[in-house]
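As stored in work-v1.csv (CSV, C-alpha atoms):
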chain,number,residue,atom,x,y,z
A,240,MET,CA,-20.7,-21.0,-2.9
A,241,ASN,CA,-19.2,-19.6,0.2
A,242,GLN,CA,-18.7,-22.1,3.0
A,243,GLN,CA,-20.2,-21.1,6.3
A,244,TYR,CA,-18.8,-21.9,9.7
A,245,ASP,CA,-19.8,-21.1,13.2
A,246,LEU,CA,-16.2,-20.4,14.1
A,247,VAL,CA,-13.2,-19.6,11.9
A,248,ILE,CA,-9.8,-19.4,13.5
A,249,VAL,CA,-7.2,-17.6,11.5
A,250,GLY,CA,-3.8,-19.0,12.5
A,251,GLY,CA,-3.1,-22.6,13.6
A,252,GLY,CA,-0.1,-22.0,15.8
A,253,MET,CA,0.0,-23.1,19.4
A,254,VAL,CA,-2.8,-20.7,20.6
A,255,GLY,CA,-5.0,-21.1,17.5
A,256,ALA,CA,-4.8,-24.8,17.5
A,257,ALA,CA,-5.4,-25.0,21.2
A,258,THR,CA,-8.5,-22.9,20.8
A,259,ALA,CA,-9.9,-25.2,18.1
A,260,LEU,CA,-9.2,-28.3,20.2
A,261,ALA,CA,-10.7,-26.7,23.4
A,262,LEU,CA,-14.0,-26.2,21.4
A,263,ALA,CA,-13.8,-29.3,19.3
A,264,ASP,CA,-16.5,-31.2,21.3
A,265,SER,CA,-19.0,-28.3,21.2
A,266,SER,CA,-21.8,-28.0,18.7
A,267,LEU,CA,-19.8,-25.4,16.7
A,268,ASN,CA,-18.7,-26.1,13.1
A,269,ILE,CA,-15.1,-25.0,13.2
A,270,ALA,CA,-12.5,-24.1,10.5
A,271,LEU,CA,-8.9,-23.7,11.4
A,272,LEU,CA,-6.7,-21.8,8.9
A,273,GLU,CA,-3.0,-22.6,8.9
A,274,ARG,CA,-0.8,-22.4,5.8
A,275,ASN,CA,2.5,-23.4,7.3
A,276,LEU,CA,2.3,-26.8,8.9
A,277,PRO,CA,5.1,-27.9,11.2
A,278,GLU,CA,7.2,-30.9,10.4
A,279,SER,CA,6.4,-34.1,12.2
A,280,PHE,CA,8.8,-35.3,15.0
A,281,SER,CA,11.6,-37.7,14.6
A,282,VAL,CA,14.3,-38.5,17.2
A,283,ASP,CA,17.2,-37.5,15.0
A,284,GLN,CA,15.9,-33.9,14.3
A,285,PRO,CA,18.0,-31.1,15.7
A,286,LEU,CA,16.5,-29.0,18.5
A,287,ASP,CA,14.5,-26.0,17.2
A,288,LEU,CA,15.5,-22.5,18.1
A,289,ARG,CA,11.9,-21.5,18.9
A,290,VAL,CA,11.1,-22.9,22.4
A,291,SER,CA,8.7,-22.0,25.2
A,292,ALA,CA,8.9,-22.2,29.0
A,293,LEU,CA,5.5,-23.8,29.7
A,294,SER,CA,4.1,-23.0,33.1
A,295,PRO,CA,2.2,-25.5,35.2
A,296,ALA,CA,-1.1,-23.9,34.2
A,297,SER,CA,-0.2,-24.2,30.5
A,298,ILE,CA,0.7,-27.9,31.1
A,299,GLU,CA,-2.6,-28.5,32.8
A,300,LEU,CA,-4.4,-27.1,29.8
A,301,LEU,CA,-2.4,-29.2,27.3
A,302,ASP,CA,-3.1,-32.3,29.5
A,303,ARG,CA,-6.8,-31.6,29.5
A,304,LEU,CA,-6.6,-31.4,25.7
A,305,ASP,CA,-4.9,-34.8,25.8
A,306,VAL,CA,-1.7,-33.8,24.0
A,307,TRP,CA,0.8,-33.4,26.9
A,308,LYS,CA,1.7,-37.1,27.0
A,309,THR,CA,2.5,-37.0,23.3
A,310,ILE,CA,4.7,-34.0,23.8
A,311,THR,CA,6.7,-35.4,26.7
A,312,ALA,CA,7.1,-38.7,24.9
A,313,GLN,CA,9.0,-36.8,22.2
A,314,ARG,CA,11.2,-34.0,23.8
A,315,ALA,CA,10.7,-31.8,26.8
A,316,CYS,CA,13.0,-30.6,29.6
A,317,PRO,CA,11.6,-30.0,33.1
A,318,TYR,CA,13.2,-27.4,35.3
A,319,ARG,CA,12.7,-27.1,39.1
A,320,ARG,CA,14.7,-24.0,39.9
A,321,MET,CA,15.1,-20.5,38.5
A,322,ARG,CA,17.8,-18.1,39.6
A,323,VAL,CA,17.9,-14.3,38.9
A,324,TRP,CA,20.9,-12.0,39.7
A,325,GLU,CA,22.9,-9.1,38.4
A,326,LEU,CA,26.3,-8.8,40.2
A,327,ASP,CA,29.1,-11.3,39.5
A,328,GLU,CA,28.3,-14.2,41.8
A,329,ASP,CA,31.5,-15.9,40.7
A,330,ALA,CA,33.8,-13.1,42.0
A,331,GLU,CA,36.0,-13.9,44.9
A,332,GLY,CA,35.9,-12.5,48.4
A,333,LEU,CA,33.4,-9.9,49.6
A,334,ILE,CA,32.3,-8.9,46.1
A,335,GLY,CA,31.2,-12.4,45.3
A,336,LYS,CA,29.6,-12.8,48.8
A,337,ALA,CA,27.6,-9.6,48.3
A,338,ALA,CA,26.6,-10.6,44.8
A,339,ARG,CA,25.2,-14.0,46.1
A,340,ALA,CA,23.3,-12.2,48.8
A,341,CYS,CA,21.7,-10.0,46.2
A,342,ALA,CA,20.3,-12.9,44.1
A,343,THR,CA,17.0,-14.7,44.2
A,344,GLU,CA,16.4,-18.4,43.5
A,345,PHE,CA,12.9,-19.9,43.1
A,346,ASN,CA,12.3,-23.6,43.8
A,347,SER,CA,9.3,-25.6,42.8
A,348,ALA,CA,9.3,-27.4,46.2
A,349,GLU,CA,8.5,-24.2,48.0
A,350,ILE,CA,5.1,-24.1,46.4
A,351,GLY,CA,4.5,-27.8,46.4
A,352,LEU,CA,5.2,-28.6,42.7
A,353,ASP,CA,7.5,-31.2,41.2
A,354,GLN,CA,8.6,-28.7,38.5
A,355,LEU,CA,8.4,-25.0,37.8
A,356,GLY,CA,7.7,-25.8,34.2
A,357,TYR,CA,9.1,-27.4,31.0
A,358,ILE,CA,11.1,-26.1,28.1
A,359,VAL,CA,9.5,-27.4,24.9
A,360,GLU,CA,10.0,-26.7,21.2
A,361,ASN,CA,7.1,-24.7,19.8
A,362,ARG,CA,6.9,-27.0,16.8
A,363,LEU,CA,6.3,-30.0,19.0
A,364,ILE,CA,3.4,-28.3,20.8
A,365,GLN,CA,1.8,-27.2,17.6
A,366,ARG,CA,2.2,-30.5,15.9
A,367,ALA,CA,0.7,-32.4,18.8
A,368,LEU,CA,-2.3,-30.1,18.8
A,369,LEU,CA,-2.8,-30.4,15.1
A,370,ASP,CA,-2.5,-34.2,15.1
A,371,LYS,CA,-5.2,-34.4,17.8
A,372,LEU,CA,-7.4,-32.1,15.8
A,373,ALA,CA,-7.2,-34.4,12.8
A,374,LEU,CA,-9.4,-36.8,14.8
A,375,CYS,CA,-12.1,-34.2,15.5
A,376,GLU,CA,-15.0,-34.3,13.1
A,377,GLN,CA,-16.2,-30.8,14.0
A,378,VAL,CA,-12.9,-29.2,13.0
A,379,THR,CA,-11.8,-28.6,9.4
A,380,LEU,CA,-8.1,-27.8,8.9
A,381,ILE,CA,-7.6,-25.6,5.8
A,382,THR,CA,-4.1,-25.0,4.6
A,383,ASP,CA,-4.9,-22.2,2.0
A,384,GLY,CA,-3.5,-18.8,2.6
A,385,VAL,CA,-5.7,-15.9,3.6
A,386,VAL,CA,-5.9,-13.2,0.9
A,387,SER,CA,-8.3,-10.8,2.5
A,388,ILE,CA,-10.8,-10.4,5.4
A,389,ASP,CA,-14.0,-8.4,5.0
A,390,TYR,CA,-15.2,-7.9,8.5
A,391,SER,CA,-19.0,-7.8,9.1
A,392,ALA,CA,-20.5,-8.5,12.5
A,393,GLY,CA,-21.7,-12.1,12.5
A,394,ALA,CA,-20.9,-12.7,8.8
A,395,THR,CA,-17.2,-12.0,8.1
A,396,LEU,CA,-16.0,-13.0,4.7
A,397,VAL,CA,-12.5,-14.6,4.5
A,398,GLU,CA,-11.1,-15.0,1.0
A,399,LEU,CA,-8.5,-17.7,0.5
A,400,ASP,CA,-5.7,-17.9,-2.2
A,401,SER,CA,-7.4,-21.0,-3.6
A,402,GLY,CA,-10.3,-18.8,-4.8
A,403,GLU,CA,-12.6,-20.2,-2.1
A,404,SER,CA,-14.3,-18.0,0.5
A,405,LEU,CA,-15.5,-18.7,4.1
A,406,ILE,CA,-18.2,-16.9,6.0
A,407,ALA,CA,-17.6,-16.8,9.8
A,408,ARG,CA,-20.3,-16.2,12.3
A,409,LEU,CA,-17.5,-15.8,14.8
A,410,LEU,CA,-13.9,-15.0,13.7
A,411,VAL,CA,-11.0,-15.6,16.0
A,412,ALA,CA,-7.5,-14.2,15.6
A,413,GLY,CA,-4.7,-16.6,16.3
A,414,ASP,CA,-2.5,-15.0,13.6
A,415,GLY,CA,0.1,-13.2,15.7
A,416,GLY,CA,1.3,-9.7,16.2
A,417,GLU,CA,0.7,-8.5,12.7
A,418,SER,CA,-2.8,-9.9,12.8
A,419,MET,CA,-4.9,-9.5,9.7
A,420,VAL,CA,-8.0,-10.1,11.8
A,421,ARG,CA,-7.2,-7.3,14.2
A,422,GLN,CA,-6.6,-4.9,11.3
A,423,ALA,CA,-9.8,-6.0,9.4
A,424,ALA,CA,-11.9,-5.5,12.5
A,425,ALA,CA,-10.2,-2.1,13.1
A,426,LEU,CA,-9.3,-3.1,16.7
A,427,GLY,CA,-6.5,-0.6,17.3
A,428,ALA,CA,-3.4,-1.3,19.4
A,429,HIS,CA,-0.8,0.5,21.5
A,430,GLN,CA,2.7,-0.7,20.4
A,431,TRP,CA,6.3,0.3,20.5
A,432,ASP,CA,9.8,-1.0,19.9
A,433,TYR,CA,12.1,-1.4,22.9
A,434,GLY,CA,15.1,-0.6,20.7
A,435,GLN,CA,16.7,-3.9,21.5
A,436,MET,CA,17.0,-7.4,20.0
A,437,ALA,CA,17.1,-10.8,21.5
A,438,MET,CA,19.5,-13.4,20.1
A,439,VAL,CA,18.7,-17.1,20.6
A,440,ILE,CA,21.6,-19.6,20.4
A,441,ASN,CA,21.3,-23.3,20.8
A,442,VAL,CA,24.5,-24.8,22.2
A,443,ALA,CA,25.8,-28.2,23.4
A,444,THR,CA,27.3,-27.9,26.9
A,445,ALA,CA,29.9,-29.9,28.6
A,446,ASP,CA,28.1,-29.6,31.9
A,447,SER,CA,24.6,-30.9,32.7
A,448,GLN,CA,22.3,-28.0,33.7
A,449,GLN,CA,19.0,-29.7,33.4
A,450,ASP,CA,17.0,-28.7,36.4
A,451,ILE,CA,17.6,-24.9,36.4
A,452,THR,CA,16.9,-21.9,34.2
A,453,TRP,CA,18.8,-18.7,35.1
A,454,GLN,CA,19.0,-15.1,34.1
A,455,GLN,CA,21.6,-12.5,34.8
A,456,PHE,CA,20.8,-8.8,34.3
A,457,ASN,CA,23.2,-6.5,32.5
A,458,PRO,CA,22.8,-2.8,31.6
A,459,SER,CA,22.8,-3.8,27.9
A,460,GLY,CA,20.1,-6.4,28.5
A,461,PRO,CA,19.6,-9.8,30.3
A,462,ARG,CA,21.4,-13.0,29.4
A,463,ALA,CA,19.7,-16.2,30.1
A,464,LEU,CA,19.9,-20.0,29.9
A,465,LEU,CA,17.0,-22.3,29.2
A,466,PRO,CA,17.8,-26.0,29.6
A,467,LEU,CA,17.1,-28.4,26.8
A,468,PRO,CA,17.0,-32.2,26.7
A,469,GLY,CA,20.5,-33.8,27.0
A,470,ASN,CA,23.5,-31.6,27.5
A,471,ASN,CA,22.0,-28.8,25.5
A,472,ALA,CA,20.8,-25.3,26.3
A,473,SER,CA,19.1,-22.4,24.7
A,474,LEU,CA,21.0,-19.1,25.4
A,475,VAL,CA,19.1,-15.8,25.1
A,476,TRP,CA,21.2,-12.7,24.7
A,477,TYR,CA,19.5,-9.3,24.8
A,478,ASP,CA,21.4,-6.4,23.4
A,479,SER,CA,21.4,-3.4,21.0
A,480,PRO,CA,20.5,-4.2,17.4
A,481,GLU,CA,24.0,-3.2,16.3
A,482,ARG,CA,25.6,-5.6,18.8
A,483,VAL,CA,23.2,-8.5,17.9
A,484,GLN,CA,23.8,-8.0,14.2
A,485,ALA,CA,27.6,-8.1,14.9
A,486,LEU,CA,27.1,-11.4,16.8
A,487,LEU,CA,25.0,-12.8,14.0
A,488,ALA,CA,27.8,-12.0,11.5
A,489,MET,CA,30.5,-13.9,13.5
A,490,ASP,CA,31.7,-17.3,12.5
A,491,LEU,CA,30.8,-20.0,15.0
A,492,LEU,CA,34.2,-20.2,16.7
A,493,SER,CA,34.3,-16.4,17.3
A,494,LEU,CA,30.7,-16.5,18.6
A,495,GLN,CA,31.6,-19.3,20.9
A,496,GLN,CA,34.4,-17.2,22.4
A,497,GLU,CA,32.1,-14.2,22.8
A,498,ILE,CA,29.6,-16.4,24.7
A,499,LEU,CA,32.3,-17.7,27.1
A,500,HIS,CA,33.6,-14.2,27.6
A,501,SER,CA,30.1,-12.6,28.1
A,502,PHE,CA,28.1,-15.3,29.9
A,503,PRO,CA,28.5,-16.3,33.6
A,504,ALA,CA,31.2,-18.9,34.4
A,505,ARG,CA,28.5,-21.3,35.5
A,506,LEU,CA,27.6,-21.9,31.9
A,507,GLY,CA,30.8,-24.0,31.6
A,508,ALA,CA,32.4,-25.1,28.4
A,509,ILE,CA,30.5,-25.0,25.1
A,510,GLU,CA,31.1,-28.0,22.9
A,511,ALA,CA,29.2,-26.8,19.8
A,512,ILE,CA,26.8,-24.2,18.5
A,513,HIS,CA,23.8,-25.7,16.8
A,514,GLY,CA,21.9,-22.7,15.6
A,515,ARG,CA,21.2,-19.0,16.1
A,516,ALA,CA,18.5,-16.4,15.3
A,517,ALA,CA,17.4,-13.0,16.5
A,518,PHE,CA,14.2,-11.0,16.7
A,519,PRO,CA,13.4,-7.4,17.8
A,520,LEU,CA,11.8,-6.7,21.1
A,521,ARG,CA,8.4,-5.1,20.8
A,522,ARG,CA,5.4,-4.6,23.0
A,523,MET,CA,1.8,-4.5,21.6
A,524,HIS,CA,-1.5,-4.4,23.4
A,525,ALA,CA,-4.9,-4.2,21.5
A,526,GLN,CA,-7.2,-1.5,22.8
A,527,HIS,CA,-10.0,-4.0,22.6
A,528,TYR,CA,-9.9,-7.7,22.4
A,529,VAL,CA,-13.4,-8.1,20.9
A,530,ALA,CA,-16.0,-6.7,18.6
A,531,GLU,CA,-19.3,-8.2,17.5
A,532,GLY,CA,-18.4,-11.5,15.9
A,533,VAL,CA,-14.6,-11.3,16.4
A,534,ALA,CA,-12.1,-12.0,19.2
A,535,LEU,CA,-8.3,-11.7,19.5
A,536,LEU,CA,-6.2,-14.3,21.4
A,537,GLY,CA,-2.5,-14.7,22.1
A,538,ASP,CA,-0.1,-12.5,20.2
A,539,ALA,CA,-2.9,-11.0,18.1
A,540,ALA,CA,-4.1,-9.4,21.3
A,541,HIS,CA,-0.8,-8.8,23.2
A,542,GLN,CA,2.9,-9.1,22.7
A,543,ILE,CA,4.9,-9.0,25.9
A,544,ASN,CA,8.6,-8.5,26.7
A,545,PRO,CA,9.9,-12.1,26.8
A,546,LEU,CA,11.9,-11.4,30.0
A,547,ALA,CA,10.0,-14.0,32.1
A,548,GLY,CA,8.9,-16.3,29.2
A,549,GLN,CA,5.2,-15.5,29.8
A,550,GLY,CA,4.2,-14.9,26.1
A,551,VAL,CA,2.7,-18.3,25.2
A,552,ASN,CA,1.5,-18.9,28.8
A,553,LEU,CA,-0.7,-15.7,28.6
A,554,GLY,CA,-1.9,-17.0,25.3
A,555,PHE,CA,-2.9,-20.3,26.8
A,556,GLN,CA,-4.7,-18.5,29.6
A,557,ASP,CA,-6.6,-16.6,26.9
A,558,VAL,CA,-7.6,-20.0,25.3
A,559,GLU,CA,-8.8,-21.4,28.6
A,560,VAL,CA,-11.0,-18.4,29.5
A,561,PHE,CA,-12.3,-18.0,25.9
A,562,ALA,CA,-13.3,-21.6,25.6
A,563,GLU,CA,-15.0,-21.4,29.1
A,564,VAL,CA,-17.0,-18.3,28.1
A,565,ILE,CA,-18.0,-19.8,24.7
A,566,LEU,CA,-19.1,-23.1,26.1
A,567,GLU,CA,-21.1,-21.4,28.9
A,568,ALA,CA,-22.8,-19.2,26.3
A,569,ILE,CA,-23.8,-22.2,24.2
A,570,GLY,CA,-25.1,-24.0,27.3
A,571,GLN,CA,-27.3,-21.0,28.1
A,572,GLY,CA,-28.6,-20.6,24.5
A,573,GLU,CA,-26.7,-17.4,23.8
A,574,SER,CA,-25.0,-16.6,20.5
A,575,PRO,CA,-21.2,-17.2,21.0
A,576,GLY,CA,-20.4,-14.3,18.7
A,577,SER,CA,-22.5,-11.7,20.4
A,578,LEU,CA,-20.6,-8.7,21.9
A,579,ALA,CA,-22.1,-9.3,25.3
A,580,VAL,CA,-20.7,-12.8,25.4
A,581,LEU,CA,-17.3,-11.9,24.0
A,582,LYS,CA,-17.0,-9.0,26.5
A,583,ARG,CA,-16.9,-11.5,29.3
A,584,TYR,CA,-13.7,-13.0,27.8
A,585,GLU,CA,-12.2,-9.5,27.3
A,586,ASN,CA,-13.1,-8.4,30.9
A,587,ARG,CA,-11.4,-11.4,32.4
A,588,ARG,CA,-8.2,-11.3,30.3
A,589,ARG,CA,-7.3,-7.8,29.2
A,590,LYS,CA,-6.6,-6.3,32.6
A,591,ALA,CA,-4.7,-9.4,33.8
A,592,ASN,CA,-2.5,-9.3,30.6
A,593,LEU,CA,-1.9,-5.6,31.0
A,594,LEU,CA,-0.8,-6.0,34.6
A,595,MET,CA,1.7,-8.8,33.6
A,596,MET,CA,3.0,-6.6,30.7
A,597,GLN,CA,3.5,-3.6,33.0
A,598,THR,CA,5.3,-5.8,35.6
A,599,MET,CA,7.7,-7.1,33.0
A,600,ASP,CA,8.3,-3.6,31.7
A,601,PHE,CA,9.1,-2.4,35.3
A,602,PHE,CA,11.8,-5.1,35.7
A,603,TYR,CA,13.1,-4.6,32.2
A,604,ARG,CA,13.5,-0.8,32.6
A,605,ALA,CA,14.8,-1.0,36.2
A,606,PHE,CA,17.6,-3.3,35.2
A,607,SER,CA,18.5,-1.9,31.8
A,608,ASN,CA,20.5,1.1,32.8
A,609,HIS,CA,23.8,2.2,34.3
A,610,GLN,CA,22.6,4.5,37.1
A,611,THR,CA,24.4,3.7,40.3
A,612,SER,CA,21.4,4.6,42.6
A,613,LEU,CA,19.1,2.3,40.6
A,614,LYS,CA,21.7,-0.4,40.6
A,615,VAL,CA,21.9,-0.4,44.4
A,616,ALA,CA,18.2,-0.3,44.7
A,617,ARG,CA,17.4,-3.1,42.3
A,618,ASN,CA,20.0,-5.4,43.9
A,619,LEU,CA,18.6,-4.7,47.3
A,620,LEU,CA,15.2,-5.6,45.8
A,621,LEU,CA,16.5,-8.9,44.5
A,622,GLY,CA,18.2,-9.7,47.8
A,623,ALA,CA,15.0,-8.8,49.7
A,624,ALA,CA,13.0,-11.1,47.4
A,625,GLY,CA,15.4,-13.9,48.2
A,626,PHE,CA,14.8,-13.6,51.9
A,627,ALA,CA,11.1,-12.7,51.8
A,628,LYS,CA,9.7,-16.2,51.3
A,629,PRO,CA,6.0,-15.2,51.2
A,630,LEU,CA,6.7,-12.5,48.6
A,631,ARG,CA,8.9,-14.8,46.5
A,632,ASN,CA,6.4,-17.7,46.6
A,633,LYS,CA,3.5,-15.4,45.6
A,634,ALA,CA,5.5,-14.2,42.6
A,635,LEU,CA,6.3,-17.8,41.7
A,636,ARG,CA,2.7,-18.8,42.0
A,637,VAL,CA,1.6,-16.0,39.7
A,638,ALA,CA,4.3,-16.8,37.2
A,639,SER,CA,3.3,-20.5,37.3
A,640,GLY,CA,-0.3,-19.6,36.5
A,641,ILE,CA,-1.5,-21.1,39.8
A,642,ASP,CA,-2.6,-17.7,41.1
A,643,ARG,CA,-3.8,-14.8,39.0
A,644,PHE,CA,-3.2,-11.1,39.3
Represent the structure of the file as structure tokens.
Amino acid sequence: MNQQYDLVIVGGGMVGAATALALADSSLNIALLERNLPESFSVDQPLDLRVSALSPASIELLDRLDVWKTITAQRACPYRRMRVWELDEDAEGLIGKAARACATEFNSAEIGLDQLGYIVENRLIQRALLDKLALCEQVTLITDGVVSIDYSAGATLVELDSGESLIARLLVAGDGGESMVRQAAALGAHQWDYGQMAMVINVATADSQQDITWQQFNPSGPRALLPLPGNNASLVWYDSPERVQALLAMDLLSLQQEILHSFPARLGAIEAIHGRAAFPLRRMHAQHYVAEGVALLGDAAHQINPLAGQGVNLGFQDVEVFAEVILEAIGQGESPGSLAVLKRYENRRRKANLLMMQTMDFFYRAFSNHQTSLKVARNLLLGAAGFAKPLRNKALRVASGIDRF
């Protein structure tokens, strides 16, 4: 017999697991499908390459879900400042002075926060959410793979590789950019490739850089540092696919020399490279987030340029609004899977996500070229942002999730 659930969430990553936990105390009978479970934490594990810059709003959500203390007891790195620039600030004389004038630094103290955020390994966030879910009677974790999804409003059939099938009154997509749920429900998407890749490199640094994240723009793409616990950092190098593939092919000593040559001098000495990986830069936005009996959250609904690290933060904002809408509907005696209910979620999230995506695209395209006129204009813009405190703090509050677009 097919097992019936009020809510089936396909994908138990950070967003999918958080969705299940946010609704775990409701009257809904929930199934969470995740085949690839993360390894449990131990202190001697190397730092993962996949990390997220969690905003204060995301941290508040994780705290309400009662997992934030677990995460910080393992590994998390707070940062209080964020610096953005293009020209060589380390140059001597007038060039360096002009470069420093055309830079912007954000500080948590300016908006009354102790931190701007935390850098945390994705695996630790996911593991903490899943461990908490194991204590929830209303949620069943199923580790079988999904073979097919036959969408039908209010009664979607999900076939598993174990031979069992589930019937979902409400189906939620937490299964990423190539979402099977989105495709099964024929929810189309606008998407394109930026023609660039991002390389992530975990390094051990001689200098301690643990309260700041920084990003320098280059015509070939930004280069950034995300602080990690201890004297460690995650470097992000945007460049053409050909350049990134060449970097991936280098031996570690050669790559270390390339980093020292290409990154700002403030990086300091690198003592070791612990790992590296690369991924293509793509943008995707679903034309609709919902249909009768189905909803898209996180990367299944939108994939954003990682320029400002907003990807998972937007996903957690989706979770917060979705759970609020569903719980409100249950309280009012409405069907959680009805199109009228789900449209309330879409109306609150799609436009906000689109505006953030367009903003990141504007900065990405404005800084990713060699045109002299644009170079002058964008550095004047950065410099103006540094002096215009109200504008700078408004941008910071939006990025932190305190204010919304």
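Residues within 7 Å of Gly250 in chain A, counting all atoms listed in the file and excluding same-chain residues fewer than 3 positions away, are Gly255, Leu272, Glu273, Ala412, Gly413 and Asp414 of chain A.
Every protein, DNA or RNA residue with an atom at most 12 Å from Pro468 in chain A, where all atoms listed in the file count and chain neighbours fewer than 3 positions away do not, is listed here: Val282, Pro285, Leu286, Asp287, Val290, Thr311, Ala312, Gln313, Arg314, Ala315, Cys316, Pro317, Tyr318, Tyr357, Ile358, Val359, Glu360, Asn441, Val442, Ala443, Thr444, Ser447, Gln448, Gln449, Asp450, Leu465, Asn471, Ala472 and Ser473 of chain A.
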>> Restricting the calculation to all atoms listed in the file: of A:Leu399, A:Val529, A:Leu260, A:Leu405, which residue gets closest to Ala373 in chain A?
In response: A:Leu260
>> When you look at Val420 in chain A with a cut-off of 12 Å (counting all atoms listed in the file), what residues show up, excluding the ones that are within fewer than 5 positions of it in the same chain? I need them as an MDAnalysis selection string.
In response: chainID A and resid 247:250 385:391 395:397 407 409:415 425:427 525 528:530 532:536 538:540
>> Residues within 12 Å of Leu486 in chain A, please, as a ChimeraX atom specification. Count all atoms listed in the file; anything in the same chain fewer than 3 positions from it doesn't count.
In response: /A:436-440,476-483,489-498,501,515-517
What would the file look like if the residues just selected were written as a short mmCIF file (atom, residue, chain, number, x, y, z; two decimals), in the coordinates of the input with C-alpha atoms?
data_model
loop_
_atom_site.label_atom_id
_atom_site.label_comp_id
_atom_site.auth_asym_id
_atom_site.auth_seq_id
_atom_site.Cartn_x
_atom_site.Cartn_y
_atom_site.Cartn_z
CA MET A 436 17.00 -7.40 20.00
CA ALA A 437 17.10 -10.80 21.50
CA MET A 438 19.50 -13.40 20.10
CA VAL A 439 18.70 -17.10 20.60
CA ILE A 440 21.60 -19.60 20.40
CA TRP A 476 21.20 -12.70 24.70
CA TYR A 477 19.50 -9.30 24.80
CA ASP A 478 21.40 -6.40 23.40
CA SER A 479 21.40 -3.40 21.00
CA PRO A 480 20.50 -4.20 17.40
CA GLU A 481 24.00 -3.20 16.30
CA ARG A 482 25.60 -5.60 18.80
CA VAL A 483 23.20 -8.50 17.90
CA MET A 489 30.50 -13.90 13.50
CA ASP A 490 31.70 -17.30 12.50
CA LEU A 491 30.80 -20.00 15.00
CA LEU A 492 34.20 -20.20 16.70
CA SER A 493 34.30 -16.40 17.30
CA LEU A 494 30.70 -16.50 18.60
CA GLN A 495 31.60 -19.30 20.90
CA GLN A 496 34.40 -17.20 22.40
CA GLU A 497 32.10 -14.20 22.80
CA ILE A 498 29.60 -16.40 24.70
CA SER A 501 30.10 -12.60 28.10
CA ARG A 515 21.20 -19.00 16.10
CA ALA A 516 18.50 -16.40 15.30
CA ALA A 517 17.40 -13.00 16.50
#
> Can you tell me how far CA of Pro466 in chain A sits from CA of Gln556 in chain A, in Å to one decimal?
Replying inline: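 Between these atoms lies a distance of 23.7 Å.
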> In Å, with one decimal, what is the gap from CA of Gln284 in chain A to CA of Ile298 in chain A?
Replying inline: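 Straight-line distance from CA of Gln284 in chain A to CA of Ile298 in chain A works out to 23.4 Å.
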> At what distance in Å, to one decimal, does CA of Arg322 in chain A lie from CA of Leu487 in chain A?
Replying inline: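 Distance between the two atoms: 27.1 Å.
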> Using all atoms listed in the file, which residue out of A:Gln422, A:Asn361, A:Ser279, A:Gln377 lies closest to Met253 in chain A?
Replying inline: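 Ranked by minimum distance to Met253 in chain A, first place goes to A:Asn361.
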